[in-house]
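Shown next: work_4.cif, given as mmCIF, C-alpha atoms and all ligand atoms.
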```cif
data_final
#
loop_
_atom_site.group_PDB
_atom_site.id
_atom_site.type_symbol
_atom_site.label_atom_id
_atom_site.label_comp_id
_atom_site.auth_asym_id
_atom_site.auth_seq_id
_atom_site.Cartn_x
_atom_site.Cartn_y
_atom_site.Cartn_z
ATOM 1 C CA MET P 1075 0.000 0.000 0.000
ATOM 2 C CA VAL P 1076 1.210 3.474 -0.901
ATOM 3 C CA THR P 1077 -0.310 6.340 1.078
ATOM 4 C CA LYS P 1078 -1.317 9.394 -0.929
ATOM 5 C CA GLY P 1079 0.076 12.590 0.605
ATOM 6 C CA GLU P 1080 -0.594 16.254 -0.106
ATOM 7 C CA LEU P 1081 -1.291 17.732 -3.540
ATOM 8 C CA ILE P 1082 2.040 18.987 -4.916
ATOM 9 C CA TYR P 1083 0.909 20.340 -8.276
ATOM 10 C CA GLU P 1084 -2.173 20.434 -10.470
ATOM 11 C CA GLY P 1085 -1.657 20.575 -14.228
ATOM 12 C CA LYS P 1086 -4.102 20.579 -17.133
ATOM 13 C CA ALA P 1087 -4.535 16.804 -17.345
ATOM 14 C CA LYS P 1088 -2.912 15.461 -14.183
ATOM 15 C CA LYS P 1089 -2.470 16.061 -10.467
ATOM 16 C CA LEU P 1090 0.705 15.188 -8.603
ATOM 17 C CA PHE P 1091 0.552 13.963 -5.012
ATOM 18 C CA ALA P 1092 3.302 13.227 -2.523
ATOM 19 C CA ALA P 1093 3.906 9.523 -1.863
ATOM 20 C CA ASP P 1094 5.262 7.968 1.311
ATOM 21 C CA HIS P 1095 8.850 8.267 0.063
ATOM 22 C CA PRO P 1096 10.441 11.664 -0.805
ATOM 23 C CA ASP P 1097 11.865 10.222 -4.053
ATOM 24 C CA ARG P 1098 8.428 9.217 -5.327
ATOM 25 C CA VAL P 1099 5.211 10.910 -6.470
ATOM 26 C CA ILE P 1100 1.746 9.765 -7.456
ATOM 27 C CA GLN P 1101 0.415 10.919 -10.841
ATOM 28 C CA TYR P 1102 -3.397 11.142 -10.921
ATOM 29 C CA PHE P 1103 -4.878 11.246 -14.446
ATOM 30 C CA LYS P 1104 -7.919 13.525 -14.927
ATOM 31 C CA ASP P 1105 -10.584 13.543 -17.649
ATOM 32 C CA ASP P 1106 -9.998 17.278 -18.274
ATOM 33 C CA ALA P 1107 -8.848 18.104 -21.781
ATOM 34 C CA THR P 1108 -7.325 21.310 -23.122
ATOM 35 C CA ALA P 1109 -6.050 22.346 -26.537
ATOM 36 C CA PHE P 1110 -4.562 25.392 -28.249
ATOM 37 C CA ASN P 1111 -2.633 26.502 -25.161
ATOM 38 C CA ALA P 1112 -5.706 25.919 -22.941
ATOM 39 C CA GLN P 1113 -7.985 28.225 -24.982
ATOM 40 C CA LYS P 1114 -10.220 25.207 -25.636
ATOM 41 C CA ARG P 1115 -11.340 23.208 -22.595
ATOM 42 C CA GLY P 1116 -13.525 20.159 -22.139
ATOM 43 C CA THR P 1117 -13.920 16.725 -20.649
ATOM 44 C CA ILE P 1118 -13.230 13.391 -22.271
ATOM 45 C CA VAL P 1119 -15.043 10.846 -20.102
ATOM 46 C CA GLY P 1120 -12.744 7.959 -19.156
ATOM 47 C CA LYS P 1121 -9.634 9.630 -20.601
ATOM 48 C CA GLY P 1122 -7.732 9.533 -17.304
ATOM 49 C CA VAL P 1123 -8.141 5.773 -17.025
ATOM 50 C CA VAL P 1124 -7.086 5.243 -20.647
ATOM 51 C CA ASN P 1125 -4.037 7.493 -20.378
ATOM 52 C CA ASN P 1126 -2.906 5.890 -17.110
ATOM 53 C CA LYS P 1127 -3.151 2.337 -18.477
ATOM 54 C CA VAL P 1128 -1.731 3.147 -21.909
ATOM 55 C CA SER P 1129 1.190 5.021 -20.322
ATOM 56 C CA GLU P 1130 1.871 2.049 -18.043
ATOM 57 C CA ARG P 1131 2.038 -0.337 -21.013
ATOM 58 C CA LEU P 1132 4.288 1.979 -23.041
ATOM 59 C CA PHE P 1133 6.619 2.812 -20.139
ATOM 60 C CA ARG P 1134 7.056 -0.924 -19.459
ATOM 61 C CA LEU P 1135 7.773 -1.534 -23.149
ATOM 62 C CA LEU P 1136 10.340 1.271 -23.275
ATOM 63 C CA GLU P 1137 12.064 0.114 -20.081
ATOM 64 C CA GLU P 1138 12.389 -3.378 -21.592
ATOM 65 C CA GLY P 1139 13.925 -1.745 -24.669
ATOM 66 C CA GLY P 1140 16.504 0.179 -22.650
ATOM 67 C CA VAL P 1141 14.836 3.601 -22.341
ATOM 68 C CA PRO P 1142 14.755 4.524 -18.624
ATOM 69 C CA THR P 1143 11.433 5.946 -17.383
ATOM 70 C CA HIS P 1144 9.960 7.344 -14.172
ATOM 71 C CA PHE P 1145 7.342 4.559 -14.023
ATOM 72 C CA ILE P 1146 7.340 2.387 -10.873
ATOM 73 C CA GLU P 1147 3.878 0.831 -10.706
ATOM 74 C CA ARG P 1148 0.223 1.495 -11.471
ATOM 75 C CA LEU P 1149 -1.688 1.943 -8.215
ATOM 76 C CA SER P 1150 -5.276 2.186 -9.460
ATOM 77 C CA ASP P 1151 -7.340 3.038 -12.543
ATOM 78 C CA ARG P 1152 -6.225 6.677 -12.443
ATOM 79 C CA GLU P 1153 -3.030 6.600 -10.373
ATOM 80 C CA MET P 1154 0.565 5.712 -11.131
ATOM 81 C CA LEU P 1155 3.545 5.719 -8.763
ATOM 82 C CA THR P 1156 6.578 7.369 -10.336
ATOM 83 C CA LYS P 1157 10.075 8.548 -9.480
ATOM 84 C CA ARG P 1158 10.161 12.193 -8.465
ATOM 85 C CA VAL P 1159 12.181 14.009 -11.120
ATOM 86 C CA VAL P 1160 13.195 17.576 -11.889
ATOM 87 C CA ILE P 1161 11.562 18.164 -15.252
ATOM 88 C CA VAL P 1162 13.748 19.433 -18.122
ATOM 89 C CA PRO P 1163 11.664 22.363 -19.467
ATOM 90 C CA ILE P 1164 11.817 21.095 -23.051
ATOM 91 C CA GLU P 1165 9.062 19.227 -24.901
ATOM 92 C CA VAL P 1166 10.707 16.775 -27.291
ATOM 93 C CA VAL P 1167 8.557 16.005 -30.348
ATOM 94 C CA VAL P 1168 9.341 13.145 -32.743
ATOM 95 C CA ARG P 1169 7.635 13.132 -36.153
ATOM 96 C CA ASN P 1170 7.281 10.258 -38.627
ATOM 97 C CA ILE P 1171 4.503 11.760 -40.748
ATOM 98 C CA VAL P 1172 3.641 15.407 -41.475
ATOM 99 C CA ALA P 1173 0.720 16.695 -39.361
ATOM 100 C CA GLY P 1174 -0.343 19.505 -37.036
ATOM 101 C CA SER P 1175 1.909 22.488 -36.506
ATOM 102 C CA LEU P 1176 4.625 21.165 -38.846
ATOM 103 C CA ALA P 1177 2.222 21.189 -41.814
ATOM 104 C CA LYS P 1178 1.037 24.702 -40.913
ATOM 105 C CA ARG P 1179 4.425 26.244 -40.179
ATOM 106 C CA LEU P 1180 6.331 24.934 -43.194
ATOM 107 C CA GLY P 1181 3.499 24.409 -45.694
ATOM 108 C CA LEU P 1182 4.199 20.677 -45.902
ATOM 109 C CA LYS P 1183 1.528 18.221 -46.981
ATOM 110 C CA GLU P 1184 -0.283 16.441 -44.154
ATOM 111 C CA GLY P 1185 0.323 12.673 -44.426
ATOM 112 C CA ASP P 1186 3.727 12.821 -46.148
ATOM 113 C CA THR P 1187 6.352 10.490 -44.672
ATOM 114 C CA ILE P 1188 9.301 12.003 -42.810
ATOM 115 C CA ASP P 1189 12.355 9.766 -43.185
ATOM 116 C CA PRO P 1190 14.544 9.875 -41.188
ATOM 117 C CA PRO P 1191 12.238 10.974 -38.359
ATOM 118 C CA LEU P 1192 12.400 14.601 -37.219
ATOM 119 C CA VAL P 1193 13.137 15.656 -33.635
ATOM 120 C CA GLU P 1194 11.991 19.104 -32.492
ATOM 121 C CA PHE P 1195 12.366 20.979 -29.208
ATOM 122 C CA TYR P 1196 9.700 23.260 -27.727
ATOM 123 C CA TYR P 1197 10.331 25.510 -24.730
ATOM 124 C CA LYS P 1198 7.914 24.381 -21.987
ATOM 125 C CA ASN P 1199 6.512 27.784 -21.078
ATOM 126 C CA ASP P 1200 2.736 28.349 -21.091
ATOM 127 C CA ALA P 1201 3.042 32.161 -20.965
ATOM 128 C CA LEU P 1202 5.037 32.065 -24.227
ATOM 129 C CA GLY P 1203 2.813 29.370 -25.796
ATOM 130 C CA ASP P 1204 5.551 26.663 -25.842
ATOM 131 C CA PRO P 1205 7.620 28.105 -28.736
ATOM 132 C CA LEU P 1206 9.728 25.962 -31.095
ATOM 133 C CA ILE P 1207 13.421 26.360 -30.201
ATOM 134 C CA THR P 1208 16.771 25.279 -31.619
ATOM 135 C CA ASP P 1209 19.770 23.757 -29.824
ATOM 136 C CA ASP P 1210 21.269 27.256 -29.679
ATOM 137 C CA HIS P 1211 18.170 28.593 -27.901
ATOM 138 C CA VAL P 1212 18.476 25.716 -25.422
ATOM 139 C CA ARG P 1213 22.027 26.877 -24.712
ATOM 140 C CA LEU P 1214 21.041 30.579 -24.558
ATOM 141 C CA LEU P 1215 18.224 29.826 -22.092
ATOM 142 C CA LYS P 1216 20.446 27.353 -20.189
ATOM 143 C CA LEU P 1217 17.706 24.709 -20.339
ATOM 144 C CA ALA P 1218 20.141 21.814 -20.796
ATOM 145 C CA THR P 1219 23.830 21.140 -21.472
ATOM 146 C CA PRO P 1220 24.957 20.036 -24.964
ATOM 147 C CA ALA P 1221 25.451 16.495 -23.593
ATOM 148 C CA VAL P 1222 21.858 16.436 -22.308
ATOM 149 C CA VAL P 1223 20.607 17.771 -25.665
ATOM 150 C CA ARG P 1224 22.354 14.830 -27.369
ATOM 151 C CA ASP P 1225 20.822 12.383 -24.897
ATOM 152 C CA LEU P 1226 17.335 13.879 -25.346
ATOM 153 C CA LYS P 1227 17.548 13.328 -29.107
ATOM 154 C CA ASP P 1228 19.056 9.836 -28.813
ATOM 155 C CA LEU P 1229 16.478 8.665 -26.254
ATOM 156 C CA ALA P 1230 13.573 10.183 -28.236
ATOM 157 C CA LEU P 1231 14.677 8.412 -31.426
ATOM 158 C CA LYS P 1232 15.250 5.166 -29.533
ATOM 159 C CA ALA P 1233 11.724 5.430 -28.094
ATOM 160 C CA ASN P 1234 10.429 5.988 -31.632
ATOM 161 C CA ARG P 1235 12.190 2.841 -32.871
ATOM 162 C CA ILE P 1236 10.484 0.829 -30.110
ATOM 163 C CA LEU P 1237 7.040 2.432 -30.304
ATOM 164 C CA THR P 1238 6.579 2.530 -34.099
ATOM 165 C CA PRO P 1239 6.551 -1.281 -34.648
ATOM 166 C CA PHE P 1240 4.488 -1.803 -31.473
ATOM 167 C CA PHE P 1241 1.724 0.398 -32.887
ATOM 168 C CA LYS P 1242 2.085 -1.046 -36.388
ATOM 169 C CA GLU P 1243 1.287 -4.502 -34.956
ATOM 170 C CA ARG P 1244 -1.898 -2.906 -33.603
ATOM 171 C CA LYS P 1245 -2.768 -1.407 -36.998
ATOM 172 C CA MET P 1246 -1.954 2.126 -35.884
ATOM 173 C CA LEU P 1247 0.396 4.632 -37.501
ATOM 174 C CA LEU P 1248 2.456 6.543 -34.959
ATOM 175 C CA VAL P 1249 2.370 9.925 -36.710
ATOM 176 C CA ASP P 1250 4.137 11.990 -34.027
ATOM 177 C CA PHE P 1251 4.450 12.249 -30.259
ATOM 178 C CA LYS P 1252 5.725 14.474 -27.470
ATOM 179 C CA LEU P 1253 8.042 13.335 -24.680
ATOM 180 C CA GLU P 1254 9.119 15.018 -21.467
ATOM 181 C CA PHE P 1255 12.242 14.076 -19.577
ATOM 182 C CA GLY P 1256 13.363 14.592 -16.023
ATOM 183 C CA VAL P 1257 16.525 14.267 -13.985
ATOM 184 C CA TYR P 1258 16.530 11.639 -11.234
ATOM 185 C CA HIS P 1259 19.703 11.261 -9.156
ATOM 186 C CA ASN P 1260 21.734 12.856 -11.969
ATOM 187 C CA LYS P 1261 20.262 10.560 -14.601
ATOM 188 C CA LEU P 1262 18.013 11.582 -17.515
ATOM 189 C CA ILE P 1263 14.807 9.516 -17.612
ATOM 190 C CA LEU P 1264 11.511 9.672 -19.479
ATOM 191 C CA ALA P 1265 8.705 11.273 -17.433
ATOM 192 C CA ASP P 1266 5.113 12.577 -17.780
ATOM 193 C CA GLU P 1267 2.868 10.303 -19.905
ATOM 194 C CA ILE P 1268 2.622 8.702 -23.345
ATOM 195 C CA SER P 1269 -1.003 8.547 -24.388
ATOM 196 C CA PRO P 1270 -3.549 9.651 -26.992
ATOM 197 C CA ASP P 1271 -3.190 13.131 -25.407
ATOM 198 C CA THR P 1272 0.477 13.298 -26.379
ATOM 199 C CA CYS P 1273 0.655 11.192 -29.560
ATOM 200 C CA ARG P 1274 -1.032 11.216 -32.955
ATOM 201 C CA PHE P 1275 -2.277 7.805 -34.080
ATOM 202 C CA TRP P 1276 -3.958 7.129 -37.419
ATOM 203 C CA ASP P 1277 -5.914 3.922 -37.946
ATOM 204 C CA MET P 1278 -4.026 1.994 -40.645
ATOM 205 C CA ALA P 1279 -7.258 0.721 -42.214
ATOM 206 C CA THR P 1280 -9.271 3.965 -42.356
ATOM 207 C CA GLY P 1281 -6.725 6.760 -41.834
ATOM 208 C CA GLU P 1282 -8.923 8.162 -39.056
ATOM 209 C CA SER P 1283 -7.444 9.991 -36.071
ATOM 210 C CA MET P 1284 -7.479 7.993 -32.809
ATOM 211 C CA ASP P 1285 -6.152 10.692 -30.467
ATOM 212 C CA LYS P 1286 -6.679 14.194 -29.087
ATOM 213 C CA ASP P 1287 -7.049 15.607 -32.616
ATOM 214 C CA ARG P 1288 -10.670 14.330 -32.424
ATOM 215 C CA PHE P 1289 -11.160 16.786 -29.535
ATOM 216 C CA ARG P 1290 -9.030 19.594 -31.031
ATOM 217 C CA LYS P 1291 -10.880 19.495 -34.357
ATOM 218 C CA ASP P 1292 -14.366 18.507 -33.074
ATOM 219 C CA LEU P 1293 -14.344 15.286 -35.099
ATOM 220 C CA GLY P 1294 -16.756 13.473 -32.742
ATOM 221 C CA LYS P 1295 -16.447 9.978 -31.230
ATOM 222 C CA VAL P 1296 -13.666 11.237 -28.934
ATOM 223 C CA GLU P 1297 -14.378 8.860 -26.017
ATOM 224 C CA GLU P 1298 -14.767 5.947 -28.430
ATOM 225 C CA ALA P 1299 -11.352 6.645 -29.981
ATOM 226 C CA TYR P 1300 -9.641 6.681 -26.555
ATOM 227 C CA GLN P 1301 -11.337 3.391 -25.621
ATOM 228 C CA GLU P 1302 -10.222 1.852 -28.921
ATOM 229 C CA VAL P 1303 -6.614 2.879 -28.235
ATOM 230 C CA LEU P 1304 -6.866 1.249 -24.797
ATOM 231 C CA ARG P 1305 -8.299 -1.902 -26.347
ATOM 232 C CA ARG P 1306 -5.547 -2.165 -28.968
ATOM 233 C CA VAL P 1307 -2.699 -1.281 -26.598
ATOM 234 C CA CYS P 1308 -3.793 -3.158 -23.455
ATOM 235 C CA GLY P 1309 -6.421 -5.539 -24.801
ATOM 236 C CA THR P 1310 -8.985 -4.292 -22.266
ATOM 237 C CA GLU P 1311 -11.867 -1.871 -21.806
ATOM 238 C CA ALA P 1312 -11.515 0.921 -19.235
ATOM 239 C CA GLY P 1313 -12.480 -0.419 -15.817
HETATM 240 N N1 LIG U 1 1.851 17.733 -28.223
HETATM 241 C C1 LIG U 1 1.622 17.581 -26.878
HETATM 242 N N2 LIG U 1 1.560 18.692 -26.070
HETATM 243 C C2 LIG U 1 1.739 19.946 -26.557
HETATM 244 C C3 LIG U 1 1.963 20.101 -27.944
HETATM 245 C C4 LIG U 1 2.018 18.975 -28.750
HETATM 246 O O1 LIG U 1 1.476 16.466 -26.388
HETATM 247 O O2 LIG U 1 1.692 20.914 -25.784
HETATM 248 C C5 LIG U 1 1.924 16.548 -29.098
HETATM 249 C C6 LIG U 1 0.737 16.453 -30.041
HETATM 250 O O3 LIG U 1 -0.294 15.679 -29.475
HETATM 251 C C7 LIG U 1 1.340 15.772 -31.240
HETATM 252 C C8 LIG U 1 2.809 16.224 -31.233
HETATM 253 O O4 LIG U 1 3.072 16.658 -29.909
HETATM 254 O O5 LIG U 1 1.311 14.364 -31.086
HETATM 255 C C9 LIG U 1 3.105 17.332 -32.218
HETATM 256 O O6 LIG U 1 2.193 18.395 -32.006
HETATM 257 P P1 LIG U 1 2.193 19.694 -32.965
HETATM 258 O O7 LIG U 1 3.495 20.402 -32.813
HETATM 259 O O8 LIG U 1 1.801 19.288 -34.325
HETATM 260 O O9 LIG U 1 1.169 20.682 -32.315
HETATM 261 P P2 LIG U 1 -0.429 20.754 -32.338
HETATM 262 O O10 LIG U 1 -0.874 20.557 -33.739
HETATM 263 O O11 LIG U 1 -0.835 19.661 -31.416
HETATM 264 O O12 LIG U 1 -0.688 22.118 -31.796
#
```
Written as structure tokens, that's how I'd like the structure from this file.
Amino acid sequence: MVTKGELIYEGKAKKLFAADHPDRVIQYFKDDATAFNAQKRGTIVGKGVVNNKVSERLFRLLEEGGVPTHFIERLSDREMLTKRVVIVPIEVVVRNIVAGSLAKRLGLKEGDTIDPPLVEFYYKNDALGDPLITDDHVRLLKLATPAVVRDLKDLALKANRILTPFFKERKMLLVDFKLEFGVYHNKLILADEISPDTCRFWDMATGESMDKDRFRKDLGKVEEAYQEVLRRVCGTEAG
């Protein structure tokens, strides 16, 4: 049994609680959804359960493949025990197929393959709207050392090499995804979550979005898409 302590932080989609060890925290996954820098808000019923269970499965898979993560164990439908990290304020995005902001910013055609995959950095700063940054901006802002920048890219691409075939087996295209990393006892490890909130998945049979784009773009069947991701990734319905 792990005792849940005080609320440490409440974010847009998760709450963080103290655990009974100072090196650990409990992530609680909410159903709240936001998009476009929190200008659009809503609820996706059951999302927290899906994201918790999907993240558990993917963190376990990545650990087995040699990518260290903050995951320790899933405590309940909506709670996960994790290592307490200091978050690196950089969102690392990996892209295999053109979509979203990349299509808009550079005028590229949505759906085109990106080979080799692209790694992008965004400065994690809500007030600035998470701007795209280069390695030189990372150095200017002192967000990470050059060695950490190299590790962020290497680990993100390694995660992509593990995740892409896993989703392909489940008839899903891993279009792009966002990772966050943290430092734990001087070591860089994967943190946060990996879920339909933070990835784009396209159904390989129909091409339909199975992720938060259904919420962002009002495509309908949002809850159904999250449940289908859970079913394909974990082979279960949300409990
Ligand atoms: N993403 C995320 N959080 C963010 C921004 C992006 O999880 O704050 C994910 C998003 O779900 C997608 C990938 O990162 O899988 C690339 O997103 P993009 O830059 O295309 O931005 P968007 O179109 O989502 O604004």
Sorted by chain and rising residue number, which residues of chain P lie within 9 Å of ligand LIG 1 (chain U), and what are their closest atom pairs and distances in Å to one decimal, counting only C-alpha atoms and all ligand atoms, as a tab-separated table?
```
residue	atom	partner	partner_atom	distance
P:Ala1109	CA	U:LIG1	O12	7.5
P:Phe1110	CA	U:LIG1	O12	6.2
P:Asn1111	CA	U:LIG1	O2	7.1
P:Glu1165	CA	U:LIG1	C2	7.5
P:Val1166	CA	U:LIG1	O4	8.1
P:Val1167	CA	U:LIG1	O4	5.5
P:Val1168	CA	U:LIG1	C8	7.4
P:Arg1169	CA	U:LIG1	C9	7.3
P:Val1172	CA	U:LIG1	O8	8.3
P:Ala1173	CA	U:LIG1	O8	5.8
P:Gly1174	CA	U:LIG1	O8	3.5
P:Ser1175	CA	U:LIG1	O8	3.9
P:Leu1176	CA	U:LIG1	O8	5.7
P:Ala1177	CA	U:LIG1	O8	7.7
P:Lys1178	CA	U:LIG1	O10	8.5
P:Glu1194	CA	U:LIG1	O7	8.6
P:Tyr1196	CA	U:LIG1	C3	8.4
P:Lys1198	CA	U:LIG1	O2	8.1
P:Asp1200	CA	U:LIG1	O2	8.9
P:Gly1203	CA	U:LIG1	O2	8.5
P:Asp1204	CA	U:LIG1	O2	6.9
P:Leu1206	CA	U:LIG1	O7	8.5
P:Leu1248	CA	U:LIG1	O5	8.8
P:Val1249	CA	U:LIG1	O5	7.2
P:Asp1250	CA	U:LIG1	O5	4.7
P:Phe1251	CA	U:LIG1	O5	3.9
P:Lys1252	CA	U:LIG1	O4	4.2
P:Leu1253	CA	U:LIG1	O1	7.5
P:Ile1268	CA	U:LIG1	O1	8.4
P:Ser1269	CA	U:LIG1	O1	8.5
P:Pro1270	CA	U:LIG1	O3	7.3
P:Asp1271	CA	U:LIG1	O3	5.6
P:Thr1272	CA	U:LIG1	O1	3.3
P:Cys1273	CA	U:LIG1	O5	3.6
P:Arg1274	CA	U:LIG1	O5	4.3
P:Phe1275	CA	U:LIG1	O5	8.1
P:Asp1285	CA	U:LIG1	O3	7.8
P:Lys1286	CA	U:LIG1	O3	6.6
P:Asp1287	CA	U:LIG1	O3	7.4
P:Arg1290	CA	U:LIG1	O11	8.2
```
For the residues in the current selection, export C-alpha atoms as a PDB file, keeping the file's coordinate frame.
```
ATOM      1  CA  ALA P1109      -6.050  22.346 -26.537  1.00  0.00           C
ATOM      2  CA  PHE P1110      -4.562  25.392 -28.249  1.00  0.00           C
ATOM      3  CA  ASN P1111      -2.633  26.502 -25.161  1.00  0.00           C
ATOM      4  CA  GLU P1165       9.062  19.227 -24.901  1.00  0.00           C
ATOM      5  CA  VAL P1166      10.707  16.775 -27.291  1.00  0.00           C
ATOM      6  CA  VAL P1167       8.557  16.005 -30.348  1.00  0.00           C
ATOM      7  CA  VAL P1168       9.341  13.145 -32.743  1.00  0.00           C
ATOM      8  CA  ARG P1169       7.635  13.132 -36.153  1.00  0.00           C
ATOM      9  CA  VAL P1172       3.641  15.407 -41.475  1.00  0.00           C
ATOM     10  CA  ALA P1173       0.720  16.695 -39.361  1.00  0.00           C
ATOM     11  CA  GLY P1174      -0.343  19.505 -37.036  1.00  0.00           C
ATOM     12  CA  SER P1175       1.909  22.488 -36.506  1.00  0.00           C
ATOM     13  CA  LEU P1176       4.625  21.165 -38.846  1.00  0.00           C
ATOM     14  CA  ALA P1177       2.222  21.189 -41.814  1.00  0.00           C
ATOM     15  CA  LYS P1178       1.037  24.702 -40.913  1.00  0.00           C
ATOM     16  CA  GLU P1194      11.991  19.104 -32.492  1.00  0.00           C
ATOM     17  CA  TYR P1196       9.700  23.260 -27.727  1.00  0.00           C
ATOM     18  CA  LYS P1198       7.914  24.381 -21.987  1.00  0.00           C
ATOM     19  CA  ASP P1200       2.736  28.349 -21.091  1.00  0.00           C
ATOM     20  CA  GLY P1203       2.813  29.370 -25.796  1.00  0.00           C
ATOM     21  CA  ASP P1204       5.551  26.663 -25.842  1.00  0.00           C
ATOM     22  CA  LEU P1206       9.728  25.962 -31.095  1.00  0.00           C
ATOM     23  CA  LEU P1248       2.456   6.543 -34.959  1.00  0.00           C
ATOM     24  CA  VAL P1249       2.370   9.925 -36.710  1.00  0.00           C
ATOM     25  CA  ASP P1250       4.137  11.990 -34.027  1.00  0.00           C
ATOM     26  CA  PHE P1251       4.450  12.249 -30.259  1.00  0.00           C
ATOM     27  CA  LYS P1252       5.725  14.474 -27.470  1.00  0.00           C
ATOM     28  CA  LEU P1253       8.042  13.335 -24.680  1.00  0.00           C
ATOM     29  CA  ILE P1268       2.622   8.702 -23.345  1.00  0.00           C
ATOM     30  CA  SER P1269      -1.003   8.547 -24.388  1.00  0.00           C
ATOM     31  CA  PRO P1270      -3.549   9.651 -26.992  1.00  0.00           C
ATOM     32  CA  ASP P1271      -3.190  13.131 -25.407  1.00  0.00           C
ATOM     33  CA  THR P1272       0.477  13.298 -26.379  1.00  0.00           C
ATOM     34  CA  CYS P1273       0.655  11.192 -29.560  1.00  0.00           C
ATOM     35  CA  ARG P1274      -1.032  11.216 -32.955  1.00  0.00           C
ATOM     36  CA  PHE P1275      -2.277   7.805 -34.080  1.00  0.00           C
ATOM     37  CA  ASP P1285      -6.152  10.692 -30.467  1.00  0.00           C
ATOM     38  CA  LYS P1286      -6.679  14.194 -29.087  1.00  0.00           C
ATOM     39  CA  ASP P1287      -7.049  15.607 -32.616  1.00  0.00           C
ATOM     40  CA  ARG P1290      -9.030  19.594 -31.031  1.00  0.00           C
TER      41      ARG P1290
END
```
Reference answer for the PyMOL selection byres (((chain P and resi 1186) around 9) and not hetatm), as a list in words: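 For this structure, the PyMOL selection byres (((chain P and resi 1186) around 9) and not hetatm) captures Asn1170, Ile1171, Val1172, Ala1173, Leu1182, Lys1183, Glu1184, Gly1185, Thr1187 and Ile1188 of chain P.
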Straight-line distance linking atom CA of P:Glu1137 with atom CA of P:Ala1233, stated in Å to one decimal: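 Interatomic distance here is 9.6 Å.
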Which residue of P:Ala1279, P:Val1296, P:Val1076, P:Leu1262 approaches P:Ala1221 most closely, using only C-alpha atoms: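 Of the candidates, the smallest distance to P:Ala1221 is held by P:Leu1262.
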Between atom CA of P:Phe1133 and atom CA of P:Thr1219 - distance in Å to one decimal: 25.2 Å
